[in-house]
file run-v2.tsv (TSV, C-alpha atoms and all ligand atoms)
chain	number	residue	atom	x	y	z
J	1	MET	CA	33.12	119.28	216.74
J	2	PHE	CA	36.11	116.93	216.88
J	3	GLU	CA	38.45	119.79	217.84
J	4	SER	CA	36.99	119.45	221.33
J	5	LEU	CA	38.72	116.05	221.71
J	6	THR	CA	42.22	115.58	223.06
J	7	ALA	CA	44.59	112.84	221.92
J	8	LEU	CA	44.99	109.88	224.26
J	9	PRO	CA	48.34	108.27	225.03
J	10	PRO	CA	48.87	105.10	222.95
J	11	ASP	CA	47.53	101.88	224.45
J	12	ALA	CA	50.37	100.48	226.61
J	13	ILE	CA	50.50	97.07	224.94
J	14	LEU	CA	50.28	98.49	221.38
J	15	LYS	CA	53.09	100.91	222.27
J	16	LEU	CA	55.18	97.98	223.53
J	17	ILE	CA	54.53	96.02	220.31
J	18	GLY	CA	55.68	99.02	218.25
J	19	GLU	CA	58.83	99.47	220.35
J	20	HIS	CA	59.70	95.79	220.01
J	21	GLN	CA	59.15	95.90	216.23
J	22	ASN	CA	61.45	98.92	215.88
J	23	ASP	CA	64.19	97.38	218.05
J	24	ALA	CA	67.04	96.32	215.73
J	25	ARG	CA	68.76	94.04	218.28
J	26	GLU	CA	68.82	90.44	217.03
J	27	ASN	CA	68.53	88.91	220.48
J	28	LYS	CA	65.44	90.95	221.47
J	29	VAL	CA	62.69	89.02	223.27
J	30	ASP	CA	58.95	89.79	223.24
J	31	LEU	CA	57.18	88.69	226.42
J	32	GLY	CA	54.51	91.39	226.10
J	33	VAL	CA	51.83	90.69	223.53
J	34	GLY	CA	49.14	88.24	224.68
J	35	VAL	CA	49.20	85.61	221.93
J	36	TYR	CA	50.46	82.04	221.98
J	37	ARG	CA	53.79	81.40	220.23
J	38	ASP	CA	55.40	78.11	219.25
J	39	GLU	CA	59.09	77.27	219.68
J	40	HIS	CA	59.85	79.17	216.47
J	41	GLY	CA	58.21	82.31	217.82
J	42	GLN	CA	55.24	81.93	215.45
J	43	THR	CA	51.49	82.09	216.14
J	44	PRO	CA	50.47	79.45	213.59
J	45	ILE	CA	47.00	78.65	212.27
J	46	LEU	CA	45.99	75.28	213.76
J	47	ALA	CA	45.85	72.41	211.23
J	48	ALA	CA	42.30	71.59	212.43
J	49	VAL	CA	41.30	75.20	211.70
J	50	LYS	CA	42.79	75.08	208.19
J	51	LYS	CA	40.87	71.88	207.44
J	52	ALA	CA	37.61	73.33	208.77
J	53	GLU	CA	38.13	76.47	206.69
J	54	ARG	CA	38.57	74.35	203.54
J	55	TYR	CA	35.37	72.48	204.36
J	56	ILE	CA	33.47	75.74	204.90
J	57	LEU	CA	34.83	77.20	201.65
J	58	ASP	CA	33.44	74.19	199.77
J	59	HIS	CA	30.17	73.72	201.61
J	60	GLN	CA	28.89	77.07	202.89
J	61	GLN	CA	25.78	78.02	200.94
J	62	THR	CA	25.15	81.63	201.97
J	63	LYS	CA	26.58	84.70	203.63
J	64	ALA	CA	23.14	86.08	204.53
J	65	TYR	CA	22.78	87.55	208.04
J	66	THR	CA	22.54	85.26	211.04
J	67	GLY	CA	20.36	86.33	213.96
J	68	SER	CA	21.69	88.58	216.74
J	69	ALA	CA	22.49	85.50	218.84
J	70	GLY	CA	24.48	83.95	215.99
J	71	ASP	CA	24.31	80.34	214.87
J	72	PRO	CA	22.18	78.15	217.20
J	73	VAL	CA	24.35	75.11	216.39
J	74	PHE	CA	27.52	76.98	217.44
J	75	ASN	CA	25.77	78.11	220.62
J	76	GLU	CA	24.68	74.61	221.54
J	77	THR	CA	28.15	73.23	220.81
J	78	MET	CA	29.87	75.91	222.92
J	79	GLN	CA	27.41	75.33	225.75
J	80	ASP	CA	28.31	71.62	225.75
J	81	LEU	CA	32.04	72.39	225.62
J	82	ILE	CA	31.77	74.57	228.73
J	83	PHE	CA	28.97	73.02	230.79
J	84	GLY	CA	29.25	69.40	229.55
J	85	ASP	CA	26.71	67.35	227.58
J	86	HIS	CA	24.79	66.29	230.66
J	87	SER	CA	24.57	69.44	232.78
J	88	SER	CA	21.43	69.35	234.90
J	89	ALA	CA	21.33	73.15	234.42
J	90	SER	CA	21.10	72.85	230.60
J	91	GLY	CA	17.36	73.71	230.42
J	92	ARG	CA	18.03	77.07	232.03
J	93	ILE	CA	21.21	78.07	230.14
J	94	THR	CA	21.06	80.27	227.08
J	95	THR	CA	24.11	80.97	224.90
J	96	LEU	CA	24.77	83.75	222.39
J	97	GLN	CA	27.65	83.79	219.90
J	98	SER	CA	29.74	86.93	220.27
J	99	PRO	CA	32.68	88.79	218.69
J	100	GLY	CA	35.39	87.30	220.91
J	101	GLY	CA	35.36	87.13	224.67
J	102	SER	CA	35.41	90.93	224.74
J	103	GLY	CA	32.09	91.11	222.83
J	104	SER	CA	30.47	88.72	225.30
J	105	LEU	CA	31.74	90.75	228.27
J	106	ARG	CA	30.19	93.88	226.72
J	107	VAL	CA	26.82	92.19	226.16
J	108	ALA	CA	26.93	90.85	229.75
J	109	ALA	CA	27.53	94.41	230.98
J	110	GLY	CA	24.45	95.58	229.05
J	111	LEU	CA	22.37	92.79	230.54
J	112	ILE	CA	23.54	93.56	234.09
J	113	LEU	CA	22.61	97.23	233.63
J	114	ARG	CA	19.14	96.33	232.33
J	115	ALA	CA	18.47	93.80	235.08
J	116	LYS	CA	19.87	95.66	238.11
J	117	ALA	CA	21.70	98.91	237.35
J	118	ASP	CA	22.74	99.59	240.96
J	119	VAL	CA	24.45	96.23	241.50
J	120	SER	CA	28.24	96.10	241.99
J	121	LEU	CA	30.53	93.86	240.00
J	122	TRP	CA	33.62	92.72	241.93
J	123	VAL	CA	36.82	92.06	239.98
J	124	SER	CA	40.07	90.53	241.24
J	125	ASP	CA	43.01	92.73	242.17
J	126	PRO	CA	44.76	92.53	239.76
J	127	THR	CA	42.70	91.52	236.74
J	128	TRP	CA	43.00	91.52	232.91
J	129	ASN	CA	43.84	95.12	232.04
J	130	ASN	CA	40.78	95.50	229.81
J	131	HIS	CA	38.20	94.30	232.37
J	132	VAL	CA	37.92	97.64	234.12
J	133	PRO	CA	37.79	99.86	230.98
J	134	LEU	CA	35.42	97.46	229.20
J	135	LEU	CA	32.96	96.70	232.00
J	136	GLY	CA	33.33	99.99	233.88
J	137	GLY	CA	33.25	101.92	230.60
J	138	ALA	CA	29.93	100.27	229.77
J	139	GLY	CA	28.56	101.76	233.00
J	140	VAL	CA	28.78	98.86	235.45
J	141	GLN	CA	29.77	99.83	239.00
J	142	LEU	CA	33.03	98.05	239.87
J	143	GLU	CA	34.68	97.02	243.12
J	144	THR	CA	37.78	94.88	243.72
J	145	TYR	CA	38.50	91.85	245.86
J	146	PRO	CA	42.02	90.78	246.93
J	147	TYR	CA	43.61	88.09	244.79
J	148	TYR	CA	47.40	88.12	244.47
J	149	ASP	CA	50.02	88.37	247.19
J	150	ALA	CA	52.92	90.10	245.43
J	151	ASP	CA	55.36	89.37	248.29
J	152	LYS	CA	54.61	85.68	248.68
J	153	LYS	CA	53.69	85.31	244.96
J	154	CYS	CA	50.57	83.28	245.64
J	155	LEU	CA	46.79	83.52	245.88
J	156	ARG	CA	45.51	85.57	248.84
J	157	ILE	CA	42.93	82.91	249.54
J	158	ASP	CA	42.14	83.95	253.13
J	159	ALA	CA	41.66	87.61	252.21
J	160	LEU	CA	39.65	86.61	249.13
J	161	LEU	CA	37.28	84.40	251.14
J	162	GLU	CA	37.00	87.02	253.86
J	163	THR	CA	36.04	89.72	251.34
J	164	LEU	CA	33.56	87.42	249.60
J	165	SER	CA	31.86	86.90	252.96
J	166	THR	CA	31.22	90.65	253.23
J	167	ILE	CA	29.96	91.30	249.68
J	168	PRO	CA	26.27	92.25	249.70
J	169	SER	CA	23.94	89.49	248.61
J	170	GLY	CA	22.97	89.88	244.94
J	171	ASP	CA	26.25	91.48	243.90
J	172	ILE	CA	28.20	89.94	241.02
J	173	VAL	CA	31.72	88.50	241.36
J	174	LEU	CA	33.91	88.07	238.30
J	175	PHE	CA	36.30	85.10	238.41
J	176	HIS	CA	38.77	83.93	235.78
J	177	GLY	CA	37.78	80.35	234.85
J	178	CYS	CA	41.45	79.32	234.54
J	179	CYS	CA	44.86	80.77	233.63
J	180	HIS	CA	44.25	83.98	235.59
J	181	ASN	CA	45.44	86.98	233.59
J	182	PRO	CA	47.86	88.53	234.62
J	183	THR	CA	49.12	86.25	237.45
J	184	GLY	CA	48.63	82.69	236.09
J	185	ILE	CA	47.62	81.68	239.64
J	186	ASP	CA	44.30	79.80	239.83
J	187	PRO	CA	42.43	78.53	242.88
J	188	SER	CA	42.92	74.79	243.57
J	189	SER	CA	39.82	72.54	243.42
J	190	GLU	CA	39.52	72.78	247.20
J	191	GLN	CA	39.80	76.59	247.06
J	192	TRP	CA	37.14	76.70	244.31
J	193	ARG	CA	34.88	74.66	246.59
J	194	GLN	CA	35.43	77.16	249.42
J	195	ILE	CA	34.68	80.03	247.03
J	196	ALA	CA	31.54	78.29	245.76
J	197	ASP	CA	30.33	77.66	249.32
J	198	ILE	CA	30.44	81.38	250.12
J	199	VAL	CA	28.92	82.34	246.75
J	200	VAL	CA	25.99	80.00	247.45
J	201	GLU	CA	25.65	80.92	251.12
J	202	ARG	CA	25.61	84.68	250.46
J	203	GLY	CA	23.55	84.57	247.26
J	204	LEU	CA	26.25	86.16	245.08
J	205	LEU	CA	26.04	85.94	241.30
J	206	PRO	CA	29.18	84.34	239.83
J	207	PHE	CA	30.41	85.71	236.51
J	208	ILE	CA	33.16	83.53	235.01
J	209	ASP	CA	35.43	84.82	232.27
J	210	ILE	CA	37.05	81.83	230.58
J	211	ALA	CA	39.44	82.89	227.83
J	212	TYR	CA	41.91	79.96	228.09
J	213	GLN	CA	39.89	76.74	228.30
J	214	GLY	CA	42.27	73.83	227.67
J	215	LEU	CA	45.47	75.76	228.33
J	216	ALA	CA	45.75	75.04	232.08
J	217	ASN	CA	45.12	71.34	232.76
J	218	GLY	CA	42.78	70.07	230.02
J	219	ILE	CA	39.60	70.91	228.12
J	220	ASP	CA	37.23	69.39	230.71
J	221	GLU	CA	39.51	69.90	233.71
J	222	ASP	CA	39.58	73.69	233.16
J	223	VAL	CA	35.80	74.06	233.41
J	224	GLN	CA	35.19	71.90	236.50
J	225	ALA	CA	34.61	74.97	238.68
J	226	ILE	CA	32.07	76.34	236.17
J	227	ARG	CA	30.24	72.99	235.95
J	228	GLN	CA	30.08	72.62	239.72
J	229	LEU	CA	28.88	76.19	240.21
J	230	ALA	CA	26.19	75.78	237.53
J	231	GLU	CA	24.71	72.91	239.54
J	232	ARG	CA	24.66	74.94	242.74
J	233	VAL	CA	23.59	78.51	241.88
J	234	PRO	CA	20.33	79.82	240.41
J	235	GLU	CA	22.03	82.42	238.20
J	236	MET	CA	25.44	82.76	236.61
J	237	LEU	CA	27.18	84.45	233.67
J	238	VAL	CA	29.94	82.81	231.62
J	239	SER	CA	31.91	84.76	229.06
J	240	SER	CA	34.07	82.54	226.85
J	241	SER	CA	36.62	83.18	224.12
J	242	CYS	CA	37.95	80.98	221.29
J	243	SER	CA	40.78	83.42	220.53
J	244	LYS	CA	43.50	81.47	222.32
J	245	ASN	CA	42.38	77.83	222.40
J	246	PHE	CA	41.49	77.81	218.67
J	247	GLY	CA	44.07	80.46	217.69
J	248	LEU	CA	41.28	82.49	216.05
J	249	TYR	CA	42.26	85.84	217.56
J	250	ARG	CA	41.40	88.12	214.64
J	251	ASP	CA	38.33	86.17	213.56
J	252	ARG	CA	36.59	87.22	216.78
J	253	VAL	CA	34.84	84.17	218.22
J	254	GLY	CA	33.34	83.91	221.67
J	255	ALA	CA	30.10	83.25	223.49
J	256	LEU	CA	28.05	84.54	226.38
J	257	SER	CA	26.20	81.89	228.39
J	258	ILE	CA	23.63	82.93	230.95
J	259	VAL	CA	22.29	80.55	233.58
J	260	SER	CA	18.84	81.63	234.85
J	261	SER	CA	16.63	80.37	237.65
J	262	ASP	CA	14.32	78.51	235.24
J	263	ALA	CA	13.59	77.94	231.55
J	264	ASP	CA	10.97	80.73	231.35
J	265	VAL	CA	13.35	83.36	232.74
J	266	SER	CA	16.01	81.99	230.40
J	267	GLN	CA	13.83	82.85	227.38
J	268	ILE	CA	13.29	86.38	228.65
J	269	VAL	CA	17.04	86.79	229.21
J	270	TYR	CA	17.72	85.51	225.67
J	271	SER	CA	15.35	88.10	224.18
J	272	GLN	CA	16.93	90.92	226.19
J	273	ALA	CA	20.51	89.87	225.39
J	274	SER	CA	19.63	89.53	221.68
J	275	GLN	CA	18.23	93.05	221.67
J	276	ILE	CA	21.37	94.41	223.36
J	277	VAL	CA	23.41	92.81	220.55
J	278	ARG	CA	21.09	94.37	217.95
J	279	THR	CA	21.81	97.82	219.37
J	280	ILE	CA	25.62	97.38	219.49
J	281	TYR	CA	26.85	95.31	216.50
J	282	SER	CA	23.56	93.83	215.24
J	283	VAL	CA	24.89	90.35	214.46
J	284	PRO	CA	28.17	88.61	215.36
J	285	PRO	CA	30.82	87.69	212.75
J	286	ASP	CA	30.25	84.18	211.40
J	287	HIS	CA	33.40	82.72	209.89
J	288	GLY	CA	35.38	81.86	213.03
J	289	ALA	CA	32.28	80.53	214.79
J	290	ALA	CA	31.54	78.29	211.78
J	291	VAL	CA	35.10	76.95	212.02
J	292	VAL	CA	34.76	76.20	215.76
J	293	SER	CA	31.35	74.62	215.30
J	294	HIS	CA	32.59	72.36	212.48
J	295	ILE	CA	35.68	71.28	214.44
J	296	LEU	CA	33.74	70.45	217.58
J	297	ARG	CA	31.10	68.43	215.71
J	298	ASP	CA	33.47	66.44	213.49
J	299	PRO	CA	35.04	63.67	215.65
J	300	ASP	CA	38.35	63.56	213.69
J	301	LEU	CA	38.80	67.33	213.64
J	302	ARG	CA	37.83	67.56	217.29
J	303	ALA	CA	40.49	64.99	218.19
J	304	GLN	CA	43.06	66.85	216.09
J	305	TRP	CA	42.16	70.17	217.76
J	306	ALA	CA	42.39	68.58	221.24
J	307	ALA	CA	45.85	67.23	220.35
J	308	GLU	CA	47.03	70.61	219.03
J	309	LEU	CA	45.67	72.35	222.12
J	310	GLY	CA	47.43	69.73	224.27
J	311	GLU	CA	50.70	70.56	222.53
J	312	MET	CA	50.23	74.26	223.30
J	313	ARG	CA	49.45	73.46	226.94
J	314	GLU	CA	52.48	71.19	227.29
J	315	ARG	CA	54.75	73.76	225.66
J	316	LEU	CA	53.60	76.43	228.13
J	317	LYS	CA	54.33	74.08	231.03
J	318	SER	CA	57.74	73.15	229.67
J	319	VAL	CA	58.89	76.74	229.03
J	320	ARG	CA	57.81	77.61	232.57
J	321	SER	CA	60.05	74.87	234.02
J	322	MET	CA	62.84	75.83	231.62
J	323	LEU	CA	62.78	79.45	232.83
J	324	VAL	CA	62.61	78.50	236.53
J	325	GLU	CA	65.57	76.13	236.09
J	326	ALA	CA	67.61	78.73	234.19
J	327	LEU	CA	66.87	81.35	236.86
J	328	GLN	CA	67.95	78.94	239.60
J	329	GLU	CA	71.37	78.96	237.93
J	330	THR	CA	71.66	82.68	237.21
J	331	ALA	CA	69.87	84.13	240.28
J	332	PRO	CA	70.02	81.46	243.00
J	333	ALA	CA	69.25	83.96	245.77
J	334	HIS	CA	65.76	84.59	244.30
J	335	ASP	CA	62.74	82.30	244.30
J	336	PHE	CA	60.88	82.08	240.98
J	337	SER	CA	59.11	78.80	241.69
J	338	HIS	CA	55.68	80.51	241.40
J	339	ILE	CA	56.28	80.73	237.62
J	340	GLY	CA	56.71	76.96	237.39
J	341	SER	CA	53.44	76.15	239.12
J	342	ALA	CA	51.25	78.79	237.43
J	343	ASN	CA	48.86	78.14	234.51
J	344	GLY	CA	48.52	79.44	230.97
J	345	MET	CA	50.49	82.19	229.30
J	346	PHE	CA	51.01	84.78	232.02
J	347	SER	CA	52.95	85.28	235.25
J	348	TYR	CA	54.29	88.19	237.20
J	349	LEU	CA	58.05	88.03	237.23
J	350	GLY	CA	58.05	89.87	240.57
J	351	ILE	CA	60.44	92.68	239.58
J	352	SER	CA	60.10	96.46	239.91
J	353	PRO	CA	58.92	98.81	237.11
J	354	GLN	CA	62.50	100.19	237.01
J	355	GLN	CA	63.87	96.70	236.44
J	356	VAL	CA	61.24	96.16	233.69
J	357	THR	CA	62.49	99.34	231.98
J	358	ARG	CA	66.14	98.26	232.30
J	359	LEU	CA	65.36	94.89	230.74
J	360	LYS	CA	63.87	96.75	227.78
J	361	THR	CA	66.50	99.46	227.30
J	362	ASP	CA	69.65	97.50	228.16
J	363	PHE	CA	68.71	94.00	226.99
J	364	GLY	CA	65.84	94.34	224.45
J	365	ILE	CA	63.49	92.25	226.62
J	366	TYR	CA	59.91	93.50	226.44
J	367	MET	CA	57.13	92.95	228.97
J	368	GLU	CA	54.22	94.90	230.46
J	369	GLY	CA	55.07	97.60	233.02
J	370	PHE	CA	54.18	95.57	236.10
J	371	GLY	CA	56.47	92.74	235.02
J	372	ARG	CA	53.79	90.50	233.48
J	373	ILE	CA	55.47	88.05	231.15
J	374	ASN	CA	53.87	85.95	228.41
J	375	VAL	CA	55.83	82.72	228.82
J	376	ALA	CA	54.89	81.72	225.25
J	377	GLY	CA	57.62	84.15	224.12
J	378	ILE	CA	60.27	81.91	225.73
J	379	THR	CA	62.17	79.42	223.56
J	380	ALA	CA	65.07	77.02	224.12
J	381	LYS	CA	67.17	79.54	222.19
J	382	ASN	CA	66.39	82.68	224.23
J	383	VAL	CA	65.88	81.27	227.75
J	384	GLY	CA	69.58	81.45	228.70
J	385	TYR	CA	69.89	85.08	227.59
J	386	LEU	CA	66.62	85.91	229.35
J	387	ALA	CA	67.68	84.34	232.66
J	388	GLU	CA	71.10	86.04	232.54
J	389	SER	CA	69.53	89.43	231.77
J	390	ILE	CA	66.99	89.10	234.59
J	391	ALA	CA	69.83	88.21	237.00
J	392	ARG	CA	71.74	91.29	235.84
J	393	VAL	CA	68.88	93.70	236.66
J	394	LEU	CA	68.01	92.12	240.02
T	1	LIG	C1	40.87	87.23	230.89
T	1	LIG	C2	40.51	87.59	229.49
T	1	LIG	N1	39.22	87.77	229.16
T	1	LIG	C3	38.85	88.09	227.92
T	1	LIG	C4	39.78	88.25	226.92
T	1	LIG	C5	39.28	88.67	225.57
T	1	LIG	O1	39.56	87.85	224.54
T	1	LIG	P1	39.08	88.14	223.06
T	1	LIG	O2	40.31	88.43	222.28
T	1	LIG	O3	38.42	86.88	222.64
T	1	LIG	O4	38.16	89.30	223.08
T	1	LIG	C6	41.14	88.09	227.21
T	1	LIG	C7	42.15	88.29	226.18
T	1	LIG	O5	43.31	88.48	226.40
T	1	LIG	C8	41.51	87.75	228.53
T	1	LIG	O6	42.80	87.55	228.87
call {"tool": "encode", "arguments": {"input": "run-v2.tsv", "output": "structure tokens"}}
result
Amino acid sequence: MFESLTALPPDAILKLIGEHQNDARENKVDLGVGVYRDEHGQTPILAAVKKAERYILDHQQTKAYTGSAGDPVFNETMQDLIFGDHSSASGRITTLQSPGGSGSLRVAAGLILRAKADVSLWVSDPTWNNHVPLLGGAGVQLETYPYYDADKKCLRIDALLETLSTIPSGDIVLFHGCCHNPTGIDPSSEQWRQIADIVVERGLLPFIDIAYQGLANGIDEDVQAIRQLAERVPEMLVSSSCSKNFGLYRDRVGALSIVSSDADVSQIVYSQASQIVRTIYSVPPDHGAAVVSHILRDPDLRAQWAAELGEMRERLKSVRSMLVEALQETAPAHDFSHIGSANGMFSYLGISPQQVTRLKTDFGIYMEGFGRINVAGITAKNVGYLAESIARVL
């Protein structure tokens, strides 16, 4: 039977990781893989996570199955983190623990197909490179809306609003909550308000993917758009990930929150989503969610986590300015200021695929094909070399 299958080319990012690992050059730079790195190039385990793990090791009583929706305490805690303790929508929000943000996106896709199989889901152009395979692969019909102006290196807000105004009522629109991947360009508060006005006016269903809460402007600041939307729309989907902001990548922690028109519908939605989980992975992994839940409910650990997350956020901001300054010196004829004002880990450098290849082959600098860089790979030590190499290929 399996002879009928043909081999697929390696996943682009995994191929890039392999190439970087096999590169013997000492001054090589990895700006490809999507994980946070500190100034030593490490992706450390947060101290708050280590402490919570020790606590769980000592106090956890059982490894028996949880339910398909995971731990209710984790779900309540995540709901508060995203929507706030006093959301007036809280009675009509239901949250299910999931294996990472990806798991929650997959469950959301299942729910969309059950509720309204012929609906279209609109994703930004460009979007995270797994959105289309994951959501489209699950069977959801996808469309795109304009997002990034590659010439001016900014949000195409007018085109975005114009397209939103033509999307059929009832369709779903996927937005990145903050730290848009791959561009790092987020709508301003005023632009979010304009987006929300059209969403409400046209009866669109907002679907927010928030994989970087706390890495743009702050833990509460980064979910303002979600909180405001939740007050204004009858229905909404929020897929969240704890991979980046808790550094729990491989432990697979995330949540799917669904806002329904009322508490009765919310219960129906919960039962349907739980059954979708049962038919895919049955129950979510527990360990990482237990860590997150313990951190968020212990005031000292929560404060320590917020401080560690703040350090990550500040480092991302400072390496962005460092790169822009270095490029001003080495390539003064080019404007890279968009990198300085963007959020989170990613930005488009704004160079051609040929220049991306030259950076790799001639200088050992690795990034995704379209010139997406993970700024977390930049350090005080490599920024000079990086800026000189970029200037050389321009
Ligand atoms: C926009 C976006 N959504 C979802 C995810 C998925 O994260 P997870 O690793 O938790 O599945 C990512 C990860 O890179 C992402 O960038």
call {"tool": "residues_near_ligand", "arguments": {"input": "run-v2.tsv", "ligand": "ligand LIG 1 (chain T)", "cutoff": "7 Å", "atoms": "all atoms listed in the file", "output": "ChimeraX atom specification"}}
result
/J:34,100-103,128,176,180-181,209-211,241-243,249,252-254
call {"tool": "write_last_selection", "arguments": {"input": "run-v2.tsv", "atoms": "C-alpha atoms", "output": "mmCIF file, in the frame of the given file"}}
result
data_model
loop_
_atom_site.group_PDB
_atom_site.id
_atom_site.type_symbol
_atom_site.label_atom_id
_atom_site.label_comp_id
_atom_site.auth_asym_id
_atom_site.auth_seq_id
_atom_site.Cartn_x
_atom_site.Cartn_y
_atom_site.Cartn_z
ATOM 1 C CA GLY J 34 49.140 88.240 224.680
ATOM 2 C CA GLY J 100 35.390 87.300 220.910
ATOM 3 C CA GLY J 101 35.360 87.130 224.670
ATOM 4 C CA SER J 102 35.410 90.930 224.740
ATOM 5 C CA GLY J 103 32.090 91.110 222.830
ATOM 6 C CA TRP J 128 43.000 91.520 232.910
ATOM 7 C CA HIS J 176 38.770 83.930 235.780
ATOM 8 C CA HIS J 180 44.250 83.980 235.590
ATOM 9 C CA ASN J 181 45.440 86.980 233.590
ATOM 10 C CA ASP J 209 35.430 84.820 232.270
ATOM 11 C CA ILE J 210 37.050 81.830 230.580
ATOM 12 C CA ALA J 211 39.440 82.890 227.830
ATOM 13 C CA SER J 241 36.620 83.180 224.120
ATOM 14 C CA CYS J 242 37.950 80.980 221.290
ATOM 15 C CA SER J 243 40.780 83.420 220.530
ATOM 16 C CA TYR J 249 42.260 85.840 217.560
ATOM 17 C CA ARG J 252 36.590 87.220 216.780
ATOM 18 C CA VAL J 253 34.840 84.170 218.220
ATOM 19 C CA GLY J 254 33.340 83.910 221.670
#
call {"tool": "atom_distance", "arguments": {"input": "run-v2.tsv", "atom1": "CA of Ser98 in chain J", "atom2": "CA of Ala196 in chain J"}}
result
27.0 Å
call {"tool": "closest_residue", "arguments": {"input": "run-v2.tsv", "among": "J:Asp11, J:Asp71, J:Glu162, J:Asp222", "to": "Asp186 in chain J", "atoms": "all atoms listed in the file"}}
result
J:Asp222
call {"tool": "residues_around", "arguments": {"input": "run-v2.tsv", "residues": "Ala225 in chain J", "least_positions_apart": "5", "cutoff": "8 Å", "atoms": "only C-alpha atoms", "output": "JSON, numbers by chain"}}
result
{"J": [177, 189, 192, 193]}
call {"tool": "residues_around", "arguments": {"input": "run-v2.tsv", "residues": "Ile295 in chain J", "least_positions_apart": "5", "cutoff": "7 Å", "atoms": "all atoms listed in the file", "output": "JSON, numbers by chain"}}
result
{"J": [48, 52, 301, 302]}
call {"tool": "write_last_selection", "arguments": {"input": "run-v2.tsv", "atoms": "C-alpha atoms", "output": "PDB file, in the frame of the given file"}}
result
ATOM      1  CA  ALA J  48      42.300  71.590 212.430  1.00  0.00           C
ATOM      2  CA  ALA J  52      37.610  73.330 208.770  1.00  0.00           C
ATOM      3  CA  LEU J 301      38.800  67.330 213.640  1.00  0.00           C
ATOM      4  CA  ARG J 302      37.830  67.560 217.290  1.00  0.00           C
TER       5      ARG J 302
END
call {"tool": "residues_around", "arguments": {"input": "run-v2.tsv", "residues": "range 290-292 of chain J", "least_positions_apart": "3", "cutoff": "7 Å", "atoms": "all atoms listed in the file", "output": "MDAnalysis selection string"}}
result
chainID J and resid 49 52:53 286:287 295:296
call {"tool": "build_atoms", "arguments": {"input": "run-v2.tsv", "residues": "range 120-134 of chain J", "atoms": "N, CA and C atoms", "output": "JSON list (two decimals), in the coordinates of the input"}}
result
[["chain", "number", "residue", "atom", "x", "y", "z"],
["J", 120, "SER", "N", 26.79, 95.97, 242.20],
["J", 120, "SER", "CA", 28.24, 96.10, 241.99],
["J", 120, "SER", "C", 28.81, 94.82, 241.43],
["J", 121, "LEU", "N", 29.82, 95.00, 240.57],
["J", 121, "LEU", "CA", 30.53, 93.86, 240.00],
["J", 121, "LEU", "C", 31.94, 93.88, 240.58],
["J", 122, "TRP", "N", 32.32, 92.79, 241.24],
["J", 122, "TRP", "CA", 33.62, 92.72, 241.93],
["J", 122, "TRP", "C", 34.63, 92.01, 241.04],
["J", 123, "VAL", "N", 35.77, 92.67, 240.81],
["J", 123, "VAL", "CA", 36.82, 92.06, 239.98],
["J", 123, "VAL", "C", 38.07, 91.83, 240.84],
["J", 124, "SER", "N", 38.87, 90.85, 240.45],
["J", 124, "SER", "CA", 40.07, 90.53, 241.24],
["J", 124, "SER", "C", 41.10, 91.65, 241.12],
["J", 125, "ASP", "N", 41.90, 91.77, 242.19],
["J", 125, "ASP", "CA", 43.01, 92.73, 242.17],
["J", 125, "ASP", "C", 44.31, 91.94, 242.17],
["J", 126, "PRO", "N", 45.03, 91.86, 241.03],
["J", 126, "PRO", "CA", 44.76, 92.53, 239.76],
["J", 126, "PRO", "C", 43.85, 91.68, 238.86],
["J", 127, "THR", "N", 43.47, 92.28, 237.72],
["J", 127, "THR", "CA", 42.70, 91.52, 236.74],
["J", 127, "THR", "C", 43.19, 91.88, 235.34],
["J", 128, "TRP", "N", 42.65, 91.21, 234.31],
["J", 128, "TRP", "CA", 43.00, 91.52, 232.91],
["J", 128, "TRP", "C", 42.84, 93.02, 232.70],
["J", 129, "ASN", "N", 43.84, 93.65, 232.06],
["J", 129, "ASN", "CA", 43.84, 95.12, 232.04],
["J", 129, "ASN", "C", 42.73, 95.74, 231.20],
["J", 130, "ASN", "N", 41.92, 94.92, 230.52],
["J", 130, "ASN", "CA", 40.78, 95.50, 229.81],
["J", 130, "ASN", "C", 39.45, 95.29, 230.54],
["J", 131, "HIS", "N", 39.46, 94.51, 231.65],
["J", 131, "HIS", "CA", 38.20, 94.30, 232.37],
["J", 131, "HIS", "C", 37.60, 95.61, 232.86],
["J", 132, "VAL", "N", 38.45, 96.42, 233.51],
["J", 132, "VAL", "CA", 37.92, 97.64, 234.12],
["J", 132, "VAL", "C", 37.44, 98.64, 233.05],
["J", 133, "PRO", "N", 38.29, 98.94, 232.00],
["J", 133, "PRO", "CA", 37.79, 99.86, 230.98],
["J", 133, "PRO", "C", 36.55, 99.33, 230.26],
["J", 134, "LEU", "N", 36.54, 98.01, 229.99],
["J", 134, "LEU", "CA", 35.42, 97.46, 229.20],
["J", 134, "LEU", "C", 34.11, 97.44, 230.01]]
